[in-house]
Structures are given as C-alpha cells and as structure tokens.
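Colleague: Dropping in input-v8.txt, with compact mmCIF, C-alpha atoms.
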```
# COMPACT_ATOMS: atom_id res chain seq x y z
CA MET A 1 18.36 -18.24 9.95
CA LEU A 2 15.32 -16.03 9.76
CA ARG A 3 14.25 -14.04 12.77
CA THR A 4 10.59 -14.00 13.66
CA PHE A 5 8.63 -10.80 13.77
CA THR A 6 7.83 -10.27 17.44
CA LEU A 7 7.00 -7.41 19.78
CA HIS A 8 10.75 -6.83 20.03
CA GLU A 9 10.87 -5.97 16.30
CA VAL A 10 7.81 -3.75 16.67
CA TRP A 11 9.67 -1.90 19.44
CA ILE A 12 12.70 -1.39 17.15
CA LEU A 13 10.37 0.20 14.60
CA VAL A 14 8.82 2.44 17.23
CA LEU A 15 12.32 3.57 18.29
CA ALA A 16 13.23 4.22 14.64
CA ALA A 17 10.14 6.43 14.37
CA ARG A 18 11.89 8.88 16.72
CA TRP A 19 14.29 9.64 13.85
CA THR A 20 11.37 10.16 11.50
CA ILE A 21 9.94 12.71 13.94
CA ALA A 22 13.32 14.39 14.50
CA LEU A 23 13.90 14.66 10.75
CA SER A 24 10.37 16.02 10.22
CA LEU A 25 10.86 18.69 12.91
CA ALA A 26 14.25 19.72 11.51
CA ALA A 27 12.84 19.93 7.97
CA PHE A 28 9.79 21.83 9.15
CA ILE A 29 11.72 24.35 11.24
CA GLY A 30 14.44 24.89 8.61
CA GLY A 31 11.96 24.93 5.73
CA GLY A 32 9.60 27.19 7.67
CA ALA A 33 12.32 29.76 8.38
CA VAL A 34 13.55 29.88 4.78
CA GLY A 35 10.01 29.62 3.40
CA PHE A 36 8.90 32.61 5.50
CA VAL A 37 11.64 34.81 4.07
CA LEU A 38 10.79 33.61 0.54
CA ALA A 39 7.08 34.28 1.04
CA ILE A 40 7.78 37.84 2.20
CA ALA A 41 10.14 38.34 -0.76
CA ARG A 42 7.34 37.17 -3.09
CA ILE A 43 5.07 40.02 -2.00
CA SER A 44 7.79 42.64 -1.47
CA PRO A 45 7.62 45.93 -3.42
CA PHE A 46 10.79 44.99 -5.37
CA LYS A 47 9.83 43.59 -8.76
CA ALA A 48 13.23 42.02 -9.54
CA LEU A 49 13.31 40.22 -6.18
CA ARG A 50 9.78 38.90 -6.72
CA TYR A 51 10.74 37.46 -10.12
CA ILE A 52 13.96 35.87 -8.88
CA VAL A 53 12.27 34.21 -5.90
CA SER A 54 9.35 33.09 -8.04
CA GLY A 55 11.75 31.51 -10.52
CA TYR A 56 13.65 29.83 -7.69
CA ILE A 57 10.44 28.36 -6.25
CA GLN A 58 9.23 27.13 -9.66
CA PHE A 59 12.63 25.50 -10.20
CA VAL A 60 12.86 23.78 -6.81
CA GLN A 61 9.27 22.55 -7.12
CA ALA A 62 10.23 20.88 -10.40
CA ILE A 63 13.00 18.77 -8.80
CA PRO A 64 12.15 15.40 -7.22
CA GLY A 65 12.89 15.36 -3.48
CA LEU A 66 15.01 12.26 -4.02
CA MET A 67 17.22 14.12 -6.51
CA LEU A 68 17.84 16.93 -4.01
CA LEU A 69 18.77 14.29 -1.46
CA LEU A 70 21.21 12.53 -3.79
CA LEU A 71 22.72 15.83 -4.92
CA PHE A 72 23.36 16.98 -1.36
CA TYR A 73 24.59 13.59 -0.21
CA TYR A 74 27.03 13.00 -3.08
CA GLY A 75 27.45 16.51 -4.38
CA LEU A 76 28.73 18.26 -1.24
CA ASN A 77 31.22 15.48 -0.51
CA LEU A 78 32.75 16.35 -3.83
CA PHE A 79 33.48 19.90 -2.73
CA GLY A 80 35.48 18.57 0.18
CA ILE A 81 32.66 19.03 2.68
CA ARG A 82 32.24 15.80 4.64
CA ILE A 83 28.54 15.29 4.98
CA ASP A 84 26.61 12.51 6.70
CA ALA A 85 23.18 11.23 5.70
CA TRP A 86 21.46 13.21 8.49
CA THR A 87 22.91 16.57 7.39
CA ALA A 88 22.24 15.85 3.72
CA ALA A 89 18.64 14.90 4.51
CA VAL A 90 18.03 18.00 6.66
CA LEU A 91 19.47 20.30 3.98
CA ALA A 92 17.54 18.66 1.13
CA PHE A 93 14.23 18.61 3.03
CA THR A 94 14.75 22.20 4.17
CA LEU A 95 15.16 23.25 0.56
CA SER A 96 12.07 21.51 -0.78
CA THR A 97 9.90 22.31 2.27
CA SER A 98 10.82 25.99 2.01
CA ALA A 99 9.65 26.18 -1.61
CA PHE A 100 6.27 24.61 -0.87
CA LEU A 101 5.63 26.50 2.39
CA ALA A 102 6.62 29.76 0.66
CA GLU A 103 3.91 29.21 -1.95
CA ILE A 104 1.28 28.30 0.66
CA TRP A 105 2.10 31.34 2.79
CA ARG A 106 2.32 33.69 -0.18
CA GLY A 107 -1.24 32.67 -1.06
CA CYS A 108 -2.38 33.48 2.48
CA LEU A 109 -0.55 36.81 2.56
CA GLN A 110 -2.14 37.81 -0.75
CA ALA A 111 -5.57 36.68 0.42
CA VAL A 112 -5.63 39.52 2.96
CA PRO A 113 -7.89 42.14 1.32
CA ALA A 114 -6.05 44.93 -0.54
CA GLY A 115 -7.97 47.49 1.48
CA GLN A 116 -5.84 46.54 4.48
CA TRP A 117 -2.74 47.71 2.59
CA ASP A 118 -4.44 50.97 1.60
CA ALA A 119 -5.64 51.57 5.15
CA SER A 120 -2.12 50.93 6.51
CA ARG A 121 -0.63 53.36 4.03
CA SER A 122 -3.11 56.03 5.02
CA LEU A 123 -2.00 55.43 8.62
CA ALA A 124 1.58 56.10 7.45
CA LEU A 125 2.79 52.53 8.15
CA ASN A 126 5.76 51.43 6.03
CA PHE A 127 6.10 47.99 4.37
CA PRO A 128 7.66 46.12 7.34
CA LYS A 129 5.27 47.68 9.85
CA THR A 130 2.24 46.94 7.67
CA LEU A 131 3.40 43.32 7.37
CA ILE A 132 4.04 42.76 11.06
CA LEU A 133 1.12 44.70 12.53
CA VAL A 134 -1.61 44.23 9.93
CA ILE A 135 -1.06 41.59 7.28
CA ILE A 136 0.73 38.70 9.03
CA PRO A 137 -1.69 38.45 12.00
CA GLN A 138 -4.59 38.06 9.57
CA ALA A 139 -2.73 35.79 7.15
CA ALA A 140 -1.52 33.52 9.96
CA ARG A 141 -5.10 32.51 10.77
CA MET A 142 -5.67 31.44 7.19
CA ALA A 143 -2.25 29.79 6.95
CA LEU A 144 -2.70 27.48 9.91
CA PRO A 145 -4.86 24.70 8.31
CA PRO A 146 -2.78 24.27 5.10
CA THR A 147 0.45 24.46 7.11
CA VAL A 148 -0.62 21.67 9.44
CA GLY A 149 -1.77 19.77 6.35
CA TYR A 150 1.62 20.24 4.75
CA MET A 151 3.31 18.83 7.87
CA VAL A 152 1.79 15.48 6.86
CA GLN A 153 3.63 15.76 3.54
CA VAL A 154 6.86 16.56 5.39
CA VAL A 155 6.55 13.53 7.66
CA LYS A 156 5.86 11.24 4.72
CA GLY A 157 8.63 12.84 2.68
CA THR A 158 11.25 12.02 5.32
CA SER A 159 10.90 8.34 4.31
CA LEU A 160 13.06 9.21 1.29
CA ALA A 161 16.07 9.55 3.62
CA ALA A 162 15.97 5.73 3.77
CA LEU A 163 17.24 5.69 0.18
CA ILE A 164 20.53 7.39 1.09
CA GLY A 165 20.98 4.99 3.98
CA PHE A 166 19.65 7.03 6.90
CA THR A 167 18.00 4.67 9.38
CA GLU A 168 14.59 6.13 10.13
CA LEU A 169 11.28 4.31 10.13
CA ALA A 170 11.16 3.27 6.46
CA LYS A 171 14.79 2.08 6.43
CA ALA A 172 14.34 0.18 9.70
CA GLY A 173 11.29 -1.48 8.15
CA ALA A 174 13.23 -2.51 5.04
CA GLN A 175 16.05 -3.89 7.21
CA ILE A 176 13.72 -5.89 9.46
CA ASN A 177 11.95 -7.17 6.37
CA THR A 178 15.20 -8.63 5.03
CA ILE A 179 15.93 -10.51 8.28
CA THR A 180 12.39 -11.71 9.04
CA PHE A 181 10.95 -11.95 5.52
CA GLU A 182 7.51 -11.02 6.79
CA PRO A 183 6.73 -8.10 4.43
CA VAL A 184 3.01 -8.04 5.21
CA LEU A 185 3.56 -7.74 8.97
CA VAL A 186 6.61 -5.49 8.78
CA PHE A 187 5.32 -2.96 6.24
CA GLY A 188 1.84 -3.17 7.76
CA THR A 189 3.35 -2.11 11.11
CA VAL A 190 5.49 0.59 9.49
CA ALA A 191 2.47 1.96 7.63
CA GLY A 192 0.52 1.84 10.90
CA ILE A 193 3.12 3.93 12.73
CA TYR A 194 3.23 6.51 9.94
CA PHE A 195 -0.56 6.59 9.99
CA LEU A 196 -0.60 7.22 13.75
CA ILE A 197 1.73 10.20 13.26
CA CYS A 198 0.02 11.62 10.17
CA TRP A 199 -3.69 11.04 10.71
CA PRO A 200 -4.05 13.25 13.81
CA LEU A 201 -2.32 16.04 11.87
CA SER A 202 -4.73 15.54 8.95
CA LEU A 203 -7.72 15.63 11.29
CA LEU A 204 -6.39 18.74 13.02
CA SER A 205 -5.88 20.43 9.67
CA SER A 206 -9.44 19.81 8.46
CA HIS A 207 -10.81 20.74 11.91
CA LEU A 208 -8.96 24.07 11.77
CA GLU A 209 -10.20 24.63 8.26
CA ARG A 210 -13.83 24.14 9.27
CA GLN A 211 -13.32 26.43 12.24
CA LEU A 212 -11.91 29.09 9.94
CA LYS A 213 -14.96 28.85 7.66
CA VAL A 214 -17.31 29.17 10.63
CA GLY A 215 -15.27 32.19 11.77
CA HIS A 216 -15.70 33.83 8.39
CA VAL A 217 -19.45 33.30 8.40
CA ASN A 218 -19.61 34.96 11.84
CA ILE A 219 -17.68 37.96 10.62
CA GLN A 220 -20.00 38.32 7.67
CA ALA A 221 -23.06 37.94 9.89
CA MET A 222 -21.84 40.82 12.04
CA MET B 1 38.77 22.34 -4.80
CA ASN B 2 40.85 20.18 -7.10
CA TYR B 3 38.20 18.23 -8.91
CA THR B 4 37.77 18.05 -12.65
CA PHE B 5 34.20 17.76 -13.80
CA GLN B 6 33.77 15.05 -16.37
CA PHE B 7 30.41 15.49 -17.97
CA GLY B 8 31.71 13.58 -20.99
CA THR B 9 31.68 10.28 -19.08
CA VAL B 10 28.03 10.84 -18.31
CA MET B 11 27.21 11.93 -21.84
CA ASP B 12 28.38 8.52 -23.07
CA HIS B 13 25.42 7.09 -21.20
CA PHE B 14 22.98 9.71 -22.43
CA PRO B 15 20.92 7.25 -24.54
CA ASP B 16 20.30 5.19 -21.38
CA LEU B 17 19.18 8.31 -19.56
CA LEU B 18 16.82 9.15 -22.41
CA SER B 19 15.17 5.74 -22.31
CA GLY B 20 14.89 6.11 -18.53
CA ALA B 21 13.23 9.49 -19.03
CA ALA B 22 10.86 7.91 -21.55
CA LEU B 23 9.76 5.35 -18.96
CA THR B 24 9.35 8.09 -16.34
CA ILE B 25 7.07 9.98 -18.72
CA ARG B 26 5.11 6.85 -19.67
CA LEU B 27 4.65 5.73 -16.04
CA SER B 28 3.51 9.22 -15.02
CA ALA B 29 1.13 9.66 -17.95
CA LEU B 30 -0.50 6.26 -17.39
CA THR B 31 -0.77 7.02 -13.67
CA MET B 32 -2.50 10.34 -14.37
CA VAL B 33 -5.14 8.63 -16.56
CA PHE B 34 -5.86 5.62 -14.32
CA GLY B 35 -5.45 7.59 -11.09
CA LEU B 36 -8.00 10.17 -12.19
CA VAL B 37 -10.48 7.42 -13.15
CA ILE B 38 -10.11 5.80 -9.70
CA GLY B 39 -10.27 9.20 -8.06
CA MET B 40 -13.52 10.17 -9.83
CA THR B 41 -15.05 6.77 -9.02
CA CYS B 42 -14.12 7.09 -5.34
CA ALA B 43 -15.35 10.69 -5.18
CA VAL B 44 -18.75 9.65 -6.56
CA ALA B 45 -18.81 6.57 -4.29
CA LYS B 46 -18.00 8.71 -1.25
CA ALA B 47 -20.61 11.32 -2.10
CA TYR B 48 -23.54 9.20 -3.31
CA GLY B 49 -22.81 5.53 -2.49
CA PRO B 50 -24.52 3.39 0.19
CA ARG B 51 -22.93 3.48 3.64
CA PRO B 52 -20.52 0.46 3.37
CA ILE B 53 -19.20 1.72 0.03
CA ARG B 54 -18.80 5.22 1.46
CA TRP B 55 -16.92 3.82 4.43
CA LEU B 56 -14.69 1.73 2.17
CA ALA B 57 -13.84 4.70 -0.05
CA THR B 58 -13.08 6.89 2.97
CA SER B 59 -10.73 4.33 4.55
CA TYR B 60 -8.89 3.84 1.28
CA ILE B 61 -8.44 7.59 0.86
CA GLU B 62 -7.34 8.23 4.46
CA LEU B 63 -5.01 5.23 4.59
CA ILE B 64 -3.17 6.19 1.42
CA ARG B 65 -3.02 9.91 2.17
CA ASN B 66 -1.51 9.34 5.60
CA THR B 67 1.27 6.86 4.75
CA PRO B 68 4.41 7.47 2.65
CA PHE B 69 4.47 6.43 -1.00
CA LEU B 70 7.71 4.50 -0.39
CA ILE B 71 5.94 2.20 2.09
CA GLN B 72 3.02 1.70 -0.31
CA LEU B 73 5.55 0.78 -2.99
CA TYR B 74 7.33 -1.67 -0.67
CA PHE B 75 3.96 -3.18 0.19
CA VAL B 76 3.02 -3.73 -3.46
CA PHE B 77 6.46 -5.06 -4.36
CA PHE B 78 7.34 -7.19 -1.31
CA ALA B 79 4.02 -8.09 0.28
CA LEU B 80 1.79 -8.85 -2.72
CA PRO B 81 3.91 -11.90 -3.73
CA HIS B 82 2.93 -13.36 -0.35
CA PHE B 83 -0.65 -13.33 -1.59
CA GLY B 84 0.43 -15.01 -4.83
CA VAL B 85 0.56 -11.81 -6.92
CA ARG B 86 4.01 -11.54 -8.47
CA LEU B 87 4.71 -8.41 -10.47
CA SER B 88 7.69 -6.99 -12.32
CA PRO B 89 9.27 -3.87 -10.75
CA ASN B 90 7.79 -1.69 -13.51
CA ASN B 91 4.27 -3.03 -13.00
CA SER B 92 4.58 -2.77 -9.21
CA ALA B 93 5.66 0.83 -9.66
CA LEU B 94 2.70 1.63 -11.90
CA ILE B 95 0.20 -0.03 -9.55
CA ALA B 96 1.59 1.72 -6.47
CA MET B 97 1.54 5.07 -8.27
CA VAL B 98 -2.05 4.60 -9.47
CA ILE B 99 -3.24 3.57 -5.99
CA ASN B 100 -1.49 6.61 -4.54
CA LEU B 101 -2.83 9.15 -7.04
CA GLY B 102 -6.33 7.62 -6.88
CA ALA B 103 -6.68 8.61 -3.22
CA TYR B 104 -5.38 12.15 -3.72
CA SER B 105 -7.43 12.88 -6.82
CA ALA B 106 -10.54 11.46 -5.10
CA GLU B 107 -10.27 14.16 -2.44
CA ILE B 108 -9.59 16.85 -5.04
CA VAL B 109 -12.52 15.83 -7.27
CA ARG B 110 -14.80 15.57 -4.21
CA ALA B 111 -13.97 19.15 -3.28
CA GLY B 112 -14.90 20.16 -6.82
CA VAL B 113 -18.22 18.28 -6.76
CA GLU B 114 -19.06 19.85 -3.39
CA SER B 115 -18.33 23.31 -4.75
CA ILE B 116 -21.27 23.03 -7.16
CA PRO B 117 -24.34 24.81 -5.80
CA HIS B 118 -27.38 22.59 -5.51
CA GLY B 119 -29.49 25.16 -7.34
CA GLN B 120 -27.50 24.46 -10.49
CA ILE B 121 -28.63 20.83 -10.51
CA GLU B 122 -32.23 21.83 -9.78
CA ALA B 123 -32.06 24.33 -12.61
CA GLY B 124 -30.90 21.57 -14.94
CA ARG B 125 -33.80 19.40 -13.84
CA ALA B 126 -36.23 22.25 -14.35
CA LEU B 127 -34.90 22.67 -17.89
CA GLY B 128 -35.63 18.99 -18.53
CA LEU B 129 -32.05 17.72 -18.81
CA LYS B 130 -31.57 13.97 -18.50
CA PRO B 131 -29.71 12.71 -15.36
CA LEU B 132 -26.63 11.78 -17.38
CA GLN B 133 -26.58 15.20 -19.00
CA ILE B 134 -26.82 16.79 -15.56
CA VAL B 135 -23.87 14.71 -14.29
CA ARG B 136 -21.82 15.53 -17.38
CA PHE B 137 -22.55 19.21 -17.98
CA LEU B 138 -23.58 20.47 -14.56
CA ILE B 139 -21.51 18.39 -12.12
CA LEU B 140 -18.41 16.76 -13.64
CA PHE B 141 -17.44 19.45 -16.17
CA PRO B 142 -17.67 22.48 -13.85
CA ALA B 143 -16.20 20.45 -10.97
CA LEU B 144 -13.16 19.46 -13.04
CA LYS B 145 -12.79 23.05 -14.17
CA ALA B 146 -12.87 24.29 -10.57
CA VAL B 147 -10.24 21.81 -9.34
CA TYR B 148 -8.08 21.78 -12.48
CA PRO B 149 -5.16 23.70 -10.90
CA ALA B 150 -5.16 21.47 -7.79
CA LEU B 151 -5.43 18.35 -9.91
CA THR B 152 -2.56 19.24 -12.23
CA SER B 153 -0.24 20.18 -9.37
CA GLN B 154 -1.00 16.75 -7.89
CA PHE B 155 -0.12 15.25 -11.29
CA ILE B 156 3.23 17.08 -11.17
CA LEU B 157 3.83 15.68 -7.66
CA VAL B 158 3.18 12.19 -9.04
CA LEU B 159 5.75 12.81 -11.76
CA LEU B 160 8.31 13.93 -9.16
CA GLY B 161 7.38 11.01 -6.90
CA SER B 162 8.03 8.56 -9.71
CA SER B 163 11.75 8.90 -8.92
CA ILE B 164 11.03 6.95 -5.70
CA VAL B 165 10.24 3.79 -7.66
CA SER B 166 13.99 3.52 -8.30
CA ALA B 167 13.99 1.96 -4.80
CA ILE B 168 12.66 -1.28 -6.29
CA ALA B 169 14.82 -0.95 -9.41
CA ALA B 170 12.10 -0.13 -11.91
CA ASP B 171 14.27 1.15 -14.75
CA GLU B 172 13.08 4.77 -14.89
CA LEU B 173 15.27 7.86 -14.93
CA THR B 174 16.51 7.81 -11.32
CA ALA B 175 17.26 4.08 -11.39
CA VAL B 176 19.23 4.50 -14.61
CA ALA B 177 21.14 7.35 -12.94
CA ASN B 178 21.91 5.12 -9.95
CA THR B 179 23.23 2.40 -12.25
CA ILE B 180 25.46 4.81 -14.15
CA ASN B 181 26.64 6.22 -10.82
CA SER B 182 27.74 2.81 -9.61
CA GLN B 183 29.63 2.24 -12.88
CA THR B 184 31.37 5.59 -13.19
CA PHE B 185 31.28 7.22 -9.69
CA ARG B 186 30.56 10.56 -11.37
CA SER B 187 27.74 11.22 -8.89
CA PHE B 188 27.63 14.97 -9.04
CA GLU B 189 27.66 15.17 -12.83
CA ILE B 190 25.02 12.47 -13.23
CA TYR B 191 22.59 13.78 -10.65
CA THR B 192 22.96 17.33 -11.92
CA ILE B 193 22.11 16.27 -15.46
CA VAL B 194 19.24 14.06 -14.30
CA THR B 195 17.89 16.87 -12.12
CA LEU B 196 17.87 19.17 -15.15
CA MET B 197 16.10 16.45 -17.14
CA TYR B 198 13.39 16.24 -14.48
CA VAL B 199 13.02 20.02 -14.51
CA ALA B 200 12.64 19.94 -18.29
CA ILE B 201 10.02 17.16 -18.10
CA VAL B 202 8.07 19.00 -15.38
CA PHE B 203 8.11 22.28 -17.32
CA GLY B 204 6.95 20.37 -20.40
CA PHE B 205 4.03 18.83 -18.50
CA ARG B 206 3.13 22.23 -16.99
CA ALA B 207 3.01 23.71 -20.52
CA ILE B 208 0.81 20.84 -21.72
CA PHE B 209 -1.57 21.29 -18.77
CA THR B 210 -1.86 25.01 -19.47
CA SER B 211 -2.73 24.42 -23.12
CA ILE B 212 -5.23 21.68 -22.22
CA TYR B 213 -6.93 24.17 -19.91
CA ALA B 214 -7.07 26.79 -22.66
CA PHE B 215 -8.46 24.21 -25.08
CA ALA B 216 -10.98 22.44 -22.87
CA PHE B 217 -12.17 24.95 -20.29
CA ALA B 218 -11.28 28.54 -21.03
CA ARG B 219 -13.42 29.05 -24.12
CA ARG B 220 -16.62 27.53 -22.76
CA GLY B 221 -17.97 29.54 -19.83
```
Would you give me this structure, written as structure tokens?

Modeller:
Amino acid sequence: MLRTFTLHEVWILVLAARWTIALSLAAFIGGGAVGFVLAIARISPFKALRYIVSGYIQFVQAIPGLMLLLLFYYGLNLFGIRIDAWTAAVLAFTLSTSAFLAEIWRGCLQAVPAGQWDASRSLALNFPKTLILVIIPQAARMALPPTVGYMVQVVKGTSLAALIGFTELAKAGAQINTITFEPVLVFGTVAGIYFLICWPLSLLSSHLERQLKVGHVNIQAM
Amino acid sequence: MNYTFQFGTVMDHFPDLLSGAALTIRLSALTMVFGLVIGMTCAVAKAYGPRPIRWLATSYIELIRNTPFLIQLYFVFFALPHFGVRLSPNNSALIAMVINLGAYSAEIVRAGVESIPHGQIEAGRALGLKPLQIVRFLILFPALKAVYPALTSQFILVLLGSSIVSAIAADELTAVANTINSQTFRSFEIYTIVTLMYVAIVFGFRAIFTSIYAFAFARRG
C-alpha cells in the first residue's frame, strides 16, 4: 500500500537534512584544513613542492566526486579497513574540497601585491612570518566571498553520499519517493530544503563580494 | 594484506568501459553546446529583457544553482512522467545536464557581458557599426574571451558531474562500472581503472580547450 505524502514525511526530510549539514561541515572543515596546507605549499619557495602539489590538485580536480566516493567506500574495505558510508563520504569530500579550496586560496594569496613581499623582506621577516603577519590577513579578506560561495558547492555535493547508501537528504527523498510515489511533491520538497540551505549562502557570498569591491574603491580614493 | 589484484577480470570488460566512456564524452559535448546556447540566451534575457522575462531568467538561474544536480536529475527522471513526459534514462540525463549547465553558464556569460565598458559600445556606434556587428564584435566576442577560463572549468565540472547520471542507470562510464562491479565484485580494480579513464578524458578536454583558445582568441587582439 502506498503511503501518502503528509507533513510527517516533510518532517522526516527536515530531520534527514541534519545529516546533509553535518556532512557539509565535516567536508568543509577537513577540506579547509588540508586545502590551507596545500595552498601554502603552492606558493612556498620550494619549486619541487610547488610542482608536486600542483600536479596533485590537477589530478584530484580531474576525478569525479562520485568516483572518489566509490573508491573510498569499496577500496579501503579491501585493505582490511572496515569503513562505513559516513567515514567514506567524509574522506572523499575532504579530498575533493581540499583541492578546490586550495586553488581558490592560492589565487587570493597570489593576488596580494608583490610589493608586500618585498617590503616584508626589507623588514627582515622570513617566509612564515611574512605569511602570517602580512599576506594571510590581506588574502583572507579577498578569500571570504569565494569561500562562502564554494560552501554552496560543498552542500550540494554531499547529495552524492546518497549513492553509496548514506541516508542524508537526497537519499531520504529517494526512499520516501519509492513508498509514496509522489515524485513531484517529494523532490520539490527536497529541492526546497536544499535551496533554503544554499540560497542564503549564495546571497551572503555576493553581498561580501560587493562589499569588497566598495572597500577597494575606498582605498583607491584615499 | 592478502589480496590478489585481478585487473585481468576487469580488462575482459574493457570494450564495455570504452563504449561507456564514449557516451560520457558524447553527453558532455552535447551538454556544453546546448548549455552554452541556453546560458547566452538567459544572460541576454537577464540583462536586456523586459521585467517578467528578467525575473523568469533570474529564478531559473538561482533555483538551479542552489539545488544539487542529483535532485534535478531525479526530478527530470521521476517527476516529468507525472506530467506525461516519458524519457529514456539517457535523454533524461542529457536534459538534466543541459538545464544545469544553462544556469551556470548564464551567470558566467553575464559577468563577461558586464565586464565590457560602455564606451566600447558607444565607440562602435560612433564608427557606424550595425547593431548586430556591435553585439558580435564588441559584446559577445570580447565577453566570451574574458570568461573563457571560467566557462571551460564549468564545462569540466559538467563532465565530472556526468558520472552522477549513473544514478538513473543511463549507460555512461560510471553506470557501466557499477554493472561490471556487480558481476565481478572487483570493485577496487574497476573503480581505479575508471577513475584513470575519467582523468584521461578530462586532460583531453583541457588540451582541446587550450588549443581552441589559441585558435579563436589569442591571435586576434
């Protein structure tokens, strides 16, 4: 017998969205930490390190997120490491998020005028000190809008975890669809919940970007 | 670890993987063409259209950009039949991909059109260029040149995203891999090989995009 799509089913979807948010946060924090190290490595004074990291990023960015997910989910089990869908998803999303965030942040770090590096050297600051005291504070301002924008991609990307059987919002939607057979209502609601999570982030990102532009004009006016 | 890798089992199915890869490439290439057309139309509609059209284009763009592709795919595949539109998995996949890319490329092209200084258009008018010539040489061509890197990285994302359509069993590369996996249980070997195939396809597309840029944009100012 088919179940009808009622407020009760909507509530199940809302509860499932908690897992979408948890997965997004885990991917963002893990990917952010790894991505930060990669971004620094990309602008480090060591040529070999820069090439290796650049190659790694190019490679990871050429792999579909779903493939990473399947490789972690099935692949690690093979090496005797018992892995559940949650761990596999967090690892896979951390990997892909780190590659994309590293590229975004590298762009911001390199957008800080070269004169800042010269000035720091003339003040006898070494590479780590220049980064922490001079470059990163200026790059962080520029990095904020695209980073918030990328969070939208992370949230949407977590829906892939549904395909290895992790019950977050997309999977819950697919399951409720099979028992109610109301695809328009079910996927409309699911899309609506995703939209409510993502749209504010998108708006915030473009707001921050406009603010940054205004800030630049002010600096130039002075 | 006492596991023997058996890539041979997977290699027996290599022709299937190749035909899957061919469909992946075809789906992605078609999506790039149609998606860009929709994107350019929406960008122009959003910039110059009357208010209802502008509003419609904006809601389409925002709705698609803020929901996951998987849900859009499910909607096309499961919900459209309720409205009497029944499509094969492959066609559903193509339509969902085109709708998705259309919204993203619309935003990218719009950014390019906005980057063109108004004086350039006025200069064209002062030189007596016809409106269509102005749109072609002074707006669309420089705009596409300005956003070419952003546009092609979005194209690559579409190519990577095409693996998601395996969820509705369109028979592209990932779906073929899933089928072979359920027949042979050689998951690690299969997904490693398929991952490398995707990497090869992506690097191929990147090379093509670079040469298109050199051919179409680099030589002319």

Colleague: If I put a ball of radius 9 Å at (3.9, 0.0, -2.4) in the file's coordinates, which residues poke into it when counting all atoms listed in the file, written as a ChimeraX atom specification?

Modeller: /B:69-79,92-93,95-97,99-100

Colleague: Have a look at B:Asn66, B:Pro50, B:Ala167, B:Pro142 and name the one nearest to A:Gly149; count all atoms listed in the file.

Modeller: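 Looking only at the distances to A:Gly149, the closest residue turns out to be B:Asn66.
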
Colleague: So that I can check the surroundings of stretch 92-106 of chain A, please list as a list in words every protein, DNA and RNA residue that reaches within 7 Å of it, counting all atoms listed in the file and ignoring chain neighbours fewer than 4 positions away.

Modeller: Ala27, Phe28, Gly30, Gly31, Gly32, Val34, Gly35, Phe36, Leu38, Ala39, Arg42, Ile57, Val60, Gln61, Gly65, Leu68, Leu69, Phe72, Ala88, Gln110 and Ala143 of chain A

Colleague: Under the rule of at most 6 Å, produce a per-residue listing of chain A near chain B: chain, number, name, the closest pair of atoms, and the distance in Å, as a Markdown table, using only C-alpha atoms.

Modeller:
```
| residue | atom | partner | partner_atom | distance |
| --- | --- | --- | --- | --- |
| A:Ala62 | CA | B:Val199 | CA | 5.0 |
| A:Ile63 | CA | B:Val199 | CA | 5.8 |
| A:Pro64 | CA | B:Leu160 | CA | 4.5 |
| A:Gly75 | CA | B:Phe188 | CA | 4.9 |
| A:Lys156 | CA | B:Pro68 | CA | 4.5 |
| A:Pro183 | CA | B:Ala79 | CA | 5.0 |
| A:Val184 | CA | B:Ala79 | CA | 5.0 |
| A:Ala191 | CA | B:Thr67 | CA | 5.8 |
| A:Tyr194 | CA | B:Thr67 | CA | 5.6 |
| A:Phe195 | CA | B:Asn66 | CA | 5.3 |
| A:Cys198 | CA | B:Asn66 | CA | 5.3 |
| A:Trp199 | CA | B:Asn66 | CA | 5.8 |
```

Colleague: Nearest to B:Leu27: which of B:Leu173, B:Val44, B:Val85, B:Ala216 is it, counting all atoms listed in the file?

Modeller: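 Of B:Leu173, B:Val44, B:Val85, B:Ala216, the one nearest B:Leu27, counting all atoms listed in the file, is B:Leu173.
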
Colleague: Quick check, in Å to one decimal: how far apart do atom CA of A:Leu185 and atom CA of A:Leu203 lie?

Modeller: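 If I compute the distance from atom CA of A:Leu185 to atom CA of A:Leu203, I get 26.1 Å.
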
Colleague: Could you tell me how far atom CA of A:Met142 sits from atom CA of A:Cys108, in Å to one decimal place?

Modeller: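 These two atoms are separated by 6.1 Å.
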
Colleague: By how many Å are atom CA of B:Thr4 and atom CA of A:Phe59 apart?

Modeller: 26.3 Å

Colleague: Excluding A:Trp86 and residues on its chain fewer than 5 positions from it, collect all residues at most 12 Å away from it, counting all atoms listed in the file, and give them as a PyMOL selection string.

Modeller: chain A and resi 19-20+22-24+26-27+69+72-73+91-93+158+160-168

Colleague: Let me see the file: selected residues, C-alpha atoms, as a tab-separated table (two decimals), in the coordinates of the input.

Modeller:
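In the end it all went to result35.tsv:
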```
chain	number	residue	atom	x	y	z
A	19	TRP	CA	14.29	9.64	13.85
A	20	THR	CA	11.37	10.16	11.50
A	22	ALA	CA	13.32	14.39	14.50
A	23	LEU	CA	13.90	14.66	10.75
A	24	SER	CA	10.37	16.02	10.22
A	26	ALA	CA	14.25	19.72	11.51
A	27	ALA	CA	12.84	19.93	7.97
A	69	LEU	CA	18.77	14.29	-1.46
A	72	PHE	CA	23.36	16.98	-1.36
A	73	TYR	CA	24.59	13.59	-0.21
A	91	LEU	CA	19.47	20.30	3.98
A	92	ALA	CA	17.54	18.66	1.13
A	93	PHE	CA	14.23	18.61	3.03
A	158	THR	CA	11.25	12.02	5.32
A	160	LEU	CA	13.06	9.21	1.29
A	161	ALA	CA	16.07	9.55	3.62
A	162	ALA	CA	15.97	5.73	3.77
A	163	LEU	CA	17.24	5.69	0.18
A	164	ILE	CA	20.53	7.39	1.09
A	165	GLY	CA	20.98	4.99	3.98
A	166	PHE	CA	19.65	7.03	6.90
A	167	THR	CA	18.00	4.67	9.38
A	168	GLU	CA	14.59	6.13	10.13
```
